[in-house]
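Coordinates from protein.cif are shown below (mmCIF, C-alpha atoms).
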data_structure
#
loop_
_atom_site.group_PDB
_atom_site.id
_atom_site.type_symbol
_atom_site.label_atom_id
_atom_site.label_comp_id
_atom_site.auth_asym_id
_atom_site.auth_seq_id
_atom_site.Cartn_x
_atom_site.Cartn_y
_atom_site.Cartn_z
ATOM 1 C CA MET A 936 -74.865 198.109 26.355
ATOM 2 C CA GLY A 937 -76.714 197.394 29.625
ATOM 3 C CA ASN A 938 -76.504 193.917 31.014
ATOM 4 C CA SER A 939 -80.223 193.139 30.790
ATOM 5 C CA ARG A 940 -80.392 194.132 27.136
ATOM 6 C CA LYS A 941 -77.167 192.292 26.510
ATOM 7 C CA ASN A 942 -78.629 189.168 28.119
ATOM 8 C CA THR A 943 -81.770 189.277 26.001
ATOM 9 C CA LEU A 944 -79.823 189.873 22.830
ATOM 10 C CA THR A 945 -77.439 187.084 23.680
ATOM 11 C CA LEU A 946 -80.093 184.443 24.304
ATOM 12 C CA GLU A 947 -82.034 185.421 21.197
ATOM 13 C CA CYS A 948 -78.899 185.237 19.116
ATOM 14 C CA LEU A 949 -77.899 181.916 20.599
ATOM 15 C CA GLN A 950 -81.201 180.408 19.563
ATOM 16 C CA GLU A 951 -80.663 181.716 16.064
ATOM 17 C CA ILE A 952 -77.133 180.457 15.633
ATOM 18 C CA LEU A 953 -77.776 176.921 16.867
ATOM 19 C CA PRO A 954 -78.520 175.648 13.320
ATOM 20 C CA ASP A 955 -75.375 177.423 12.091
ATOM 21 C CA LEU A 956 -73.369 175.637 14.716
ATOM 22 C CA GLU A 957 -74.595 172.183 13.732
ATOM 23 C CA VAL A 958 -74.053 172.856 10.038
ATOM 24 C CA CYS A 959 -70.554 174.224 10.671
ATOM 25 C CA ALA A 960 -69.718 171.203 12.851
ATOM 26 C CA ARG A 961 -70.800 168.741 10.176
ATOM 27 C CA ARG A 962 -68.912 170.567 7.451
ATOM 28 C CA ALA A 963 -65.793 170.751 9.605
ATOM 29 C CA VAL A 964 -65.776 167.015 10.366
ATOM 30 C CA GLU A 965 -66.657 166.000 6.819
ATOM 31 C CA GLY A 966 -64.164 168.436 5.301
ATOM 32 C CA VAL A 967 -61.172 167.700 7.504
ATOM 33 C CA LEU A 968 -61.646 163.963 8.009
ATOM 34 C CA SER A 969 -63.283 163.235 4.630
ATOM 35 C CA LEU A 970 -65.927 161.160 6.393
ATOM 36 C CA PRO A 971 -69.721 161.369 6.127
ATOM 37 C CA THR A 972 -71.509 162.173 9.382
ATOM 38 C CA TYR A 973 -74.959 162.116 10.860
ATOM 39 C CA ALA A 974 -76.432 163.676 13.976
ATOM 40 C CA PRO A 975 -78.479 161.141 15.954
ATOM 41 C CA ARG A 976 -80.079 164.015 17.815
ATOM 42 C CA GLY A 977 -79.947 167.738 17.279
ATOM 43 C CA PHE A 978 -77.471 170.047 18.942
ATOM 44 C CA ARG A 979 -79.052 171.663 21.965
ATOM 45 C CA TRP A 980 -78.554 174.389 24.557
ATOM 46 C CA THR A 981 -78.339 173.574 28.218
ATOM 47 C CA PRO A 982 -78.734 176.114 31.032
ATOM 48 C CA SER A 983 -75.399 175.091 32.471
ATOM 49 C CA LYS A 984 -72.552 172.734 31.860
ATOM 50 C CA THR A 985 -73.945 169.297 32.629
ATOM 51 C CA GLY A 986 -71.188 166.805 33.037
ATOM 52 C CA MET A 987 -69.858 166.590 29.527
ATOM 53 C CA SER A 988 -66.412 165.198 30.062
ATOM 54 C CA ILE A 989 -64.427 164.319 26.972
ATOM 55 C CA PRO A 990 -61.295 162.210 27.490
ATOM 56 C CA SER A 991 -59.426 163.335 24.368
ATOM 57 C CA CYS A 992 -60.363 166.893 23.736
ATOM 58 C CA CYS A 993 -59.311 169.928 21.752
ATOM 59 C CA THR A 994 -60.501 173.461 22.548
ATOM 60 C CA ILE A 995 -60.264 176.841 20.849
ATOM 61 C CA HIS A 996 -60.926 180.027 22.795
ATOM 62 C CA CYS A 997 -62.398 183.067 21.062
ATOM 63 C CA TRP A 998 -62.877 186.519 22.517
ATOM 64 C CA ASN A 999 -63.524 190.203 22.114
ATOM 65 C CA THR A 1000 -64.000 192.935 24.690
ATOM 66 C CA GLU A 1001 -67.554 191.835 25.557
ATOM 67 C CA TYR A 1002 -67.697 188.067 25.117
ATOM 68 C CA SER A 1003 -65.626 184.925 25.475
ATOM 69 C CA LEU A 1004 -66.453 181.791 23.592
ATOM 70 C CA SER A 1005 -64.993 178.287 23.901
ATOM 71 C CA LEU A 1006 -65.402 175.558 21.341
ATOM 72 C CA SER A 1007 -64.399 171.974 22.067
ATOM 73 C CA VAL A 1008 -64.296 168.830 20.008
ATOM 74 C CA GLY A 1009 -63.605 165.496 21.617
ATOM 75 C CA ILE A 1010 -63.664 161.796 21.207
ATOM 76 C CA GLN A 1011 -63.406 158.753 23.461
ATOM 77 C CA GLY A 1012 -59.795 157.582 23.562
ATOM 78 C CA PRO A 1013 -60.262 154.064 22.118
ATOM 79 C CA ASP A 1014 -62.143 155.564 19.156
ATOM 80 C CA LEU A 1015 -59.169 157.578 17.956
ATOM 81 C CA GLU A 1016 -57.741 154.763 15.890
ATOM 82 C CA VAL A 1017 -61.160 153.642 14.681
ATOM 83 C CA LEU A 1018 -61.846 157.062 13.250
ATOM 84 C CA MET A 1019 -58.687 157.288 11.157
ATOM 85 C CA PRO A 1020 -57.008 153.866 10.943
ATOM 86 C CA GLU A 1021 -54.930 154.957 7.962
ATOM 87 C CA VAL A 1022 -53.251 157.664 10.065
ATOM 88 C CA ALA A 1023 -50.340 156.578 12.222
ATOM 89 C CA GLY A 1024 -50.430 157.560 15.870
ATOM 90 C CA LYS A 1025 -52.884 158.934 18.370
ATOM 91 C CA GLU A 1026 -51.177 162.334 18.276
ATOM 92 C CA THR A 1027 -51.865 162.725 14.571
ATOM 93 C CA VAL A 1028 -55.547 161.897 15.028
ATOM 94 C CA LEU A 1029 -55.761 164.420 17.883
ATOM 95 C CA ASP A 1030 -54.037 166.926 15.619
ATOM 96 C CA ALA A 1031 -56.723 166.272 12.999
ATOM 97 C CA LEU A 1032 -59.381 166.926 15.655
ATOM 98 C CA GLY A 1033 -57.592 170.203 16.320
ATOM 99 C CA GLU A 1034 -58.070 171.069 12.696
ATOM 100 C CA VAL A 1035 -61.758 170.163 12.970
ATOM 101 C CA VAL A 1036 -62.267 172.641 15.808
ATOM 102 C CA ASN A 1037 -60.119 175.188 13.966
ATOM 103 C CA VAL A 1038 -62.330 174.983 10.872
ATOM 104 C CA LEU A 1039 -65.475 174.973 13.018
ATOM 105 C CA ALA A 1040 -64.352 178.117 14.848
ATOM 106 C CA GLY A 1041 -63.370 179.856 11.627
ATOM 107 C CA ARG A 1042 -66.706 179.181 9.992
ATOM 108 C CA LEU A 1043 -68.740 179.998 13.079
ATOM 109 C CA LEU A 1044 -66.956 183.295 13.723
ATOM 110 C CA ALA A 1045 -67.673 184.294 10.130
ATOM 111 C CA ALA A 1046 -71.391 183.446 10.426
ATOM 112 C CA GLN A 1047 -73.287 186.699 9.997
ATOM 113 C CA ARG A 1048 -75.751 186.007 12.801
ATOM 114 C CA LEU A 1049 -72.945 185.472 15.278
ATOM 115 C CA VAL A 1050 -71.110 188.583 14.091
ATOM 116 C CA ASP A 1051 -74.333 190.600 14.354
ATOM 117 C CA GLY A 1052 -75.019 189.312 17.857
ATOM 118 C CA PHE A 1053 -71.579 189.222 19.397
ATOM 119 C CA GLY A 1054 -69.191 191.107 17.131
ATOM 120 C CA HIS A 1055 -65.918 189.970 15.609
ATOM 121 C CA MET A 1056 -63.785 187.720 17.803
ATOM 122 C CA ALA A 1057 -60.138 186.690 17.818
ATOM 123 C CA MET A 1058 -59.324 183.010 18.191
ATOM 124 C CA SER A 1059 -56.545 181.021 19.845
ATOM 125 C CA PRO A 1060 -54.695 178.050 18.370
ATOM 126 C CA PRO A 1061 -56.147 174.656 19.358
ATOM 127 C CA LEU A 1062 -55.334 173.537 22.909
ATOM 128 C CA PHE A 1063 -55.228 169.810 23.600
ATOM 129 C CA SER A 1064 -56.157 168.068 26.823
ATOM 130 C CA GLU A 1065 -56.512 164.554 28.145
ATOM 131 C CA GLY A 1066 -59.133 163.723 30.700
ATOM 132 C CA GLY A 1067 -60.440 167.254 30.915
ATOM 133 C CA SER A 1068 -63.937 168.504 30.455
ATOM 134 C CA ALA A 1069 -65.287 170.430 27.530
ATOM 135 C CA ALA A 1070 -65.727 174.147 27.101
ATOM 136 C CA ASN A 1071 -66.564 176.231 30.155
ATOM 137 C CA GLY A 1072 -68.929 179.128 30.135
ATOM 138 C CA GLY A 1073 -72.235 180.675 31.075
ATOM 139 C CA VAL A 1074 -74.427 179.328 28.295
ATOM 140 C CA TYR A 1075 -73.573 175.932 27.083
ATOM 141 C CA MET A 1076 -74.291 173.840 24.022
ATOM 142 C CA GLN A 1077 -73.750 170.146 23.507
ATOM 143 C CA GLY A 1078 -73.838 168.188 20.326
ATOM 144 C CA MET A 1079 -72.707 164.907 18.906
ATOM 145 C CA LEU A 1080 -72.046 163.638 15.418
ATOM 146 C CA VAL A 1081 -71.354 160.089 14.371
ATOM 147 C CA ALA A 1082 -68.629 159.461 11.831
ATOM 148 C CA LYS A 1083 -67.662 155.919 10.919
ATOM 149 C CA SER A 1084 -69.547 154.579 13.972
ATOM 150 C CA THR A 1085 -67.448 156.880 16.179
ATOM 151 C CA ARG A 1086 -69.022 159.563 18.327
ATOM 152 C CA VAL A 1087 -67.498 163.013 17.946
ATOM 153 C CA TYR A 1088 -68.600 165.330 20.765
ATOM 154 C CA PHE A 1089 -68.939 169.100 20.582
ATOM 155 C CA GLY A 1090 -69.109 171.658 23.362
ATOM 156 C CA PHE A 1091 -69.750 175.367 22.963
ATOM 157 C CA ALA A 1092 -69.752 177.833 25.833
ATOM 158 C CA LEU A 1093 -70.340 181.557 25.809
ATOM 159 C CA THR A 1094 -69.715 184.010 28.600
ATOM 160 C CA ALA A 1095 -70.283 187.737 28.790
ATOM 161 C CA ASN A 1096 -66.997 189.033 30.113
ATOM 162 C CA GLY A 1097 -67.106 189.876 33.786
ATOM 163 C CA LYS A 1098 -70.313 187.917 34.409
ATOM 164 C CA GLU A 1099 -71.117 184.424 35.616
ATOM 165 C CA GLU A 1100 -73.970 183.962 33.168
ATOM 166 C CA VAL A 1101 -75.022 185.661 29.973
ATOM 167 C CA MET B 731 -36.247 174.572 -12.304
ATOM 168 C CA LYS B 732 -38.710 173.740 -9.558
ATOM 169 C CA ARG B 733 -40.284 176.500 -7.498
ATOM 170 C CA LYS B 734 -39.069 176.506 -3.892
ATOM 171 C CA VAL B 735 -41.869 176.345 -1.297
ATOM 172 C CA VAL B 736 -41.816 176.843 2.458
ATOM 173 C CA ILE B 737 -44.908 175.618 4.347
ATOM 174 C CA VAL B 738 -45.763 177.133 7.731
ATOM 175 C CA GLU B 739 -48.625 175.313 9.440
ATOM 176 C CA ASP B 740 -49.077 174.314 13.083
ATOM 177 C CA SER B 741 -51.109 171.208 12.322
ATOM 178 C CA ALA B 742 -48.850 168.245 11.537
ATOM 179 C CA PHE B 743 -51.844 166.566 9.929
ATOM 180 C CA LEU B 744 -52.275 169.405 7.436
ATOM 181 C CA LEU B 745 -48.565 169.950 7.005
ATOM 182 C CA GLY B 746 -48.308 166.413 5.666
ATOM 183 C CA ALA B 747 -51.249 166.945 3.330
ATOM 184 C CA LEU B 748 -49.734 170.161 1.967
ATOM 185 C CA GLN B 749 -46.339 168.530 1.450
ATOM 186 C CA GLU B 750 -47.966 165.695 -0.439
ATOM 187 C CA PHE B 751 -49.923 168.161 -2.569
ATOM 188 C CA PHE B 752 -46.837 170.119 -3.549
ATOM 189 C CA GLN B 753 -44.523 167.154 -3.981
ATOM 190 C CA GLY B 754 -46.866 164.279 -4.744
ATOM 191 C CA GLY B 755 -46.651 164.571 -8.489
ATOM 192 C CA ARG B 756 -50.043 166.171 -8.924
ATOM 193 C CA ILE B 757 -48.669 169.580 -9.849
ATOM 194 C CA GLY B 758 -45.021 168.669 -10.353
ATOM 195 C CA GLU B 759 -43.133 171.916 -10.405
ATOM 196 C CA TYR B 760 -42.721 172.603 -6.681
ATOM 197 C CA GLU B 761 -40.152 171.525 -4.129
ATOM 198 C CA VAL B 762 -40.821 171.915 -0.394
ATOM 199 C CA VAL B 763 -37.500 173.144 0.965
ATOM 200 C CA ALA B 764 -38.573 173.704 4.595
ATOM 201 C CA THR B 765 -41.513 173.597 6.959
ATOM 202 C CA GLY B 766 -42.339 175.450 10.162
ATOM 203 C CA CYS B 767 -45.118 175.525 12.715
ATOM 204 C CA ASN B 768 -45.320 179.106 13.997
ATOM 205 C CA GLY B 769 -44.779 182.707 12.983
ATOM 206 C CA VAL B 770 -41.242 182.854 14.319
ATOM 207 C CA HIS B 771 -40.329 179.928 12.092
ATOM 208 C CA ALA B 772 -42.008 181.693 9.153
ATOM 209 C CA VAL B 773 -39.784 184.770 9.407
ATOM 210 C CA GLU B 774 -36.621 182.747 10.008
ATOM 211 C CA LEU B 775 -37.321 180.315 7.173
ATOM 212 C CA TYR B 776 -38.116 183.103 4.740
ATOM 213 C CA ARG B 777 -34.801 184.792 5.516
ATOM 214 C CA ARG B 778 -32.900 181.518 5.178
ATOM 215 C CA HIS B 779 -34.488 180.139 2.012
ATOM 216 C CA LYS B 780 -36.021 183.146 0.229
ATOM 217 C CA PRO B 781 -38.547 180.775 -1.333
ATOM 218 C CA ASP B 782 -40.571 181.358 -4.479
ATOM 219 C CA LEU B 783 -43.668 180.755 -2.353
ATOM 220 C CA MET B 784 -44.532 180.556 1.326
ATOM 221 C CA THR B 785 -47.855 179.130 2.516
ATOM 222 C CA LEU B 786 -48.766 180.662 5.857
ATOM 223 C CA ASP B 787 -51.383 179.675 8.420
ATOM 224 C CA LEU B 788 -52.789 182.560 10.483
ATOM 225 C CA THR B 789 -53.768 181.050 13.836
ATOM 226 C CA MET B 790 -50.541 179.677 15.249
ATOM 227 C CA PRO B 791 -48.771 179.614 18.617
ATOM 228 C CA VAL B 792 -45.787 181.794 19.594
ATOM 229 C CA LYS B 793 -46.373 184.328 16.815
ATOM 230 C CA ASP B 794 -49.478 184.468 14.620
ATOM 231 C CA GLY B 795 -49.340 184.401 10.844
ATOM 232 C CA LYS B 796 -50.526 187.967 10.294
ATOM 233 C CA THR B 797 -47.741 189.367 12.455
ATOM 234 C CA ALA B 798 -45.211 187.164 10.666
ATOM 235 C CA LEU B 799 -46.565 188.283 7.297
ATOM 236 C CA GLY B 800 -46.026 191.921 8.236
ATOM 237 C CA GLU B 801 -42.439 191.244 9.302
ATOM 238 C CA ILE B 802 -41.650 189.265 6.161
ATOM 239 C CA LEU B 803 -43.119 191.897 3.847
ATOM 240 C CA SER B 804 -41.363 194.751 5.610
ATOM 241 C CA GLU B 805 -38.040 192.983 4.990
ATOM 242 C CA PHE B 806 -38.905 191.396 1.633
ATOM 243 C CA PRO B 807 -41.583 193.549 -0.045
ATOM 244 C CA SER B 808 -41.865 191.250 -3.061
ATOM 245 C CA ALA B 809 -42.337 188.082 -0.975
ATOM 246 C CA ARG B 810 -44.920 185.734 -2.429
ATOM 247 C CA VAL B 811 -47.012 184.558 0.536
ATOM 248 C CA LEU B 812 -50.207 182.563 0.251
ATOM 249 C CA VAL B 813 -52.434 182.625 3.342
ATOM 250 C CA ILE B 814 -54.099 179.306 4.201
ATOM 251 C CA SER B 815 -56.496 179.564 7.121
ATOM 252 C CA ALA B 816 -59.839 178.626 8.626
ATOM 253 C CA ILE B 817 -60.299 182.310 9.432
ATOM 254 C CA SER B 818 -62.075 184.317 6.783
ATOM 255 C CA GLY B 819 -63.410 187.847 6.659
ATOM 256 C CA SER B 820 -61.693 190.994 7.844
ATOM 257 C CA THR B 821 -58.424 189.394 8.999
ATOM 258 C CA VAL B 822 -57.846 187.848 5.592
ATOM 259 C CA LEU B 823 -58.702 191.107 3.834
ATOM 260 C CA GLU B 824 -56.123 192.850 6.000
ATOM 261 C CA CYS B 825 -53.535 190.258 4.989
ATOM 262 C CA ILE B 826 -54.318 190.783 1.309
ATOM 263 C CA LYS B 827 -54.047 194.552 1.766
ATOM 264 C CA MET B 828 -50.709 194.036 3.491
ATOM 265 C CA GLY B 829 -49.442 192.173 0.433
ATOM 266 C CA ALA B 830 -50.373 188.478 0.659
ATOM 267 C CA LYS B 831 -50.744 187.106 -2.867
ATOM 268 C CA GLY B 832 -53.780 184.964 -2.207
ATOM 269 C CA PHE B 833 -55.947 183.091 0.257
ATOM 270 C CA VAL B 834 -57.106 179.486 0.513
ATOM 271 C CA GLU B 835 -59.807 178.707 3.043
ATOM 272 C CA LYS B 836 -59.660 175.540 5.145
ATOM 273 C CA PRO B 837 -60.644 172.745 5.196
ATOM 274 C CA LEU B 838 -58.184 171.593 2.565
ATOM 275 C CA LEU B 839 -60.194 169.147 0.492
ATOM 276 C CA PHE B 840 -57.374 167.589 -1.483
ATOM 277 C CA ALA B 841 -59.516 164.562 -2.299
ATOM 278 C CA ASP B 842 -61.844 166.872 -4.229
ATOM 279 C CA GLU B 843 -60.795 167.630 -7.798
ATOM 280 C CA ASP B 844 -62.569 170.986 -7.896
ATOM 281 C CA PHE B 845 -60.744 172.057 -4.744
ATOM 282 C CA ARG B 846 -57.382 170.998 -6.199
ATOM 283 C CA ASN B 847 -58.097 172.903 -9.386
ATOM 284 C CA ASP B 848 -59.087 176.007 -7.430
ATOM 285 C CA PHE B 849 -55.924 175.729 -5.340
ATOM 286 C CA MET B 850 -53.738 175.453 -8.440
ATOM 287 C CA GLN B 851 -55.539 178.411 -10.009
ATOM 288 C CA THR B 852 -54.801 180.440 -6.857
ATOM 289 C CA LEU B 853 -51.146 179.435 -7.105
ATOM 290 C CA GLU B 854 -50.917 180.494 -10.737
ATOM 291 C CA GLU B 855 -52.558 183.821 -9.944
ATOM 292 C CA ALA B 856 -50.012 184.350 -7.161
ATOM 293 C CA PHE B 857 -47.166 183.711 -9.583
ATOM 294 C CA ALA B 858 -48.769 185.885 -12.261
ATOM 295 C CA ASP B 859 -48.915 188.859 -9.904
ATOM 296 C CA PRO B 860 -46.574 191.449 -11.434
ATOM 297 C CA GLY B 861 -45.860 192.901 -8.021
ATOM 298 C CA ALA B 862 -44.161 189.726 -6.872
#

Please rewrite the model in this file as structure tokens.
Amino acid sequence: MGNSRKNTLTLECLQEILPDLEVCARRAVEGVLSLPTYAPRGFRWTPSKTGMSIPSCCTIHCWNTEYSLSLSVGIQGPDLEVLMPEVAGKETVLDALGEVVNVLAGRLLAAQRLVDGFGHMAMSPPLFSEGGSAANGGVYMQGMLVAKSTRVYFGFALTANGKEEV
Amino acid sequence: MKRKVVIVEDSAFLLGALQEFFQGGRIGEYEVVATGCNGVHAVELYRRHKPDLMTLDLTMPVKDGKTALGEILSEFPSARVLVISAISGSTVLECIKMGAKGFVEKPLLFADEDFRNDFMQTLEEAFADPGA
């Protein structure tokens, strides 16, 4: 596939999967943490990564021969215990966030519109970081859900392999 | 006699939830004899315990669940392995074709009665499989 056609297809597909992404994110948080959520503002695309730094963050990398995709879920450090006070230890709450991004990635990679646009992708186990920034990539999405008065941040980045931007 | 279960799951959060499900008195007839957090553990623990059931995550560090499943089934063709994963689609179908006895999709909604009933139904179907 030529790069120009690939670029057009990619951007069209990204617009189409944005609602899928928000729905998958909500279902992942509500399913794993058993907490209701709401989105104060819709998930949105940005032309580039714009300073979304998440102190306590978990990322899953997905890939195939043509594309690489990163999905991150994060939370401000002090909110970890607010989100799940019944769970002992920061590490366990971070582990639960890892499961959120795991479920999000699984559902998103199975979404037909993403498969049609970008093909099947493999996915890594969750990778945890402290003080890092969210997903890196050419086309970037940010979103935020509120669960139990705690903000849960999402980052989604897609790169066509071998290119700076899709 | 209780059925011996080995749980292989890289999330400590979910590992605890699965242990509670199997041993928390809700279904009664299972005993978790060992747990692991990657595919290498899965193969080693199957050899050591030869459990009645192994639950196996797919996306794990060191060695993924699908690779571990293949190694376990090549050594123990009648192994009863239940895949539990956020991944769905072709990878899961491949695992079923390889010989996994069932699949449960994450998230694990143990607070939901319908989910628990579906999970138990999947377990009974795995044990009813004449090939196991």

**OP:** Would you translate the PyMOL selection byres ((chain A) within 7 of (chain B)) into the concrete set of residues it matches in this file, as a list of chain:residue names?
**Re:** A:Gly966, A:Val967, A:Thr1027, A:Asp1030, A:Ala1031, A:Glu1034, A:Asn1037, A:Val1038, A:Gly1041, A:Ala1045, A:Ser1059, A:Pro1060

**OP:** Name all residues at most 8 Å from Gly977 (chain A) (count all atoms listed in the file; drop same-chain ones fewer than 6 positions away) and give them as a list of chain:residue names.
**Re:**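 Listing them by chain and then by number gives A:Glu957, A:Gly1078, A:Met1079.
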
C-alpha atoms of the current selection, written as a PDB file, keeping the file's coordinate frame:
ATOM      1  CA  GLU A 957     -74.595 172.183  13.732  1.00  0.00           C
ATOM      2  CA  GLY A1078     -73.838 168.188  20.326  1.00  0.00           C
ATOM      3  CA  MET A1079     -72.707 164.907  18.906  1.00  0.00           C
TER       4      MET A1079
END

Subject >> Non-local contacts of Gln749 (chain B) (9 Å; all atoms listed in the file; under 5 positions in same chain excluded) as a PyMOL selection string >> reply: chain B and resi 737+744+754+761-762+765

Original post:
Which residue, A:Leu1093, A:Gly1052, A:Arg1042, A:Glu1001, has the smallest gap to Val958 (chain A) when you use only C-alpha atoms?
Top reply: A:Arg1042

Subject >> Point-to-point distance from CA of Leu968 (chain A) to CA of Leu1043 (chain A), Å rounded to tenths >> reply: 18.3 Å

**OP:** Enter the distance from CA of Gly795 (chain B) to CA of Ser969 (chain A), in Å, rounded to one decimal.
**Re:**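 Those two atoms sit 26.1 Å apart.
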
Subject >> Between CA of Val1008 (chain A) and CA of Phe833 (chain B), distance in Å (one decimal) >> reply: 25.8 Å

Original post:
When the PyMOL selection byres ((chain A and resi 1002) around 8) is applied to the file above, which residues end up in the set, as a list of chain:residue names?
Top reply: A:Trp998, A:Asn999, A:Thr1000, A:Glu1001, A:Ser1003, A:Leu1004, A:Phe1053, A:Leu1093, A:Thr1094, A:Ala1095, A:Asn1096

**OP:** Tell me, as a ChimeraX atom specification, which residues lie within 12 Å of Ile826 (chain B), counting all atoms listed in the file; anything in the same chain fewer than 2 positions away does not count.
**Re:** /B:796,799-800,803,810-814,818-824,828-834,856

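Taken over the whole file, the PyMOL selection byres ((chain A and resi 1056) around 7) covers exactly Cys997, Trp998, Asn999, Leu1044, Gly1054, His1055, Ala1057 and Met1058 of chain A.
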
**OP:** Rank nothing, just name the residue among B:Tyr760, B:Glu855, B:Val773, B:Asn847 nearest to Met731 (chain B), using all atoms listed in the file.
**Re:** B:Tyr760
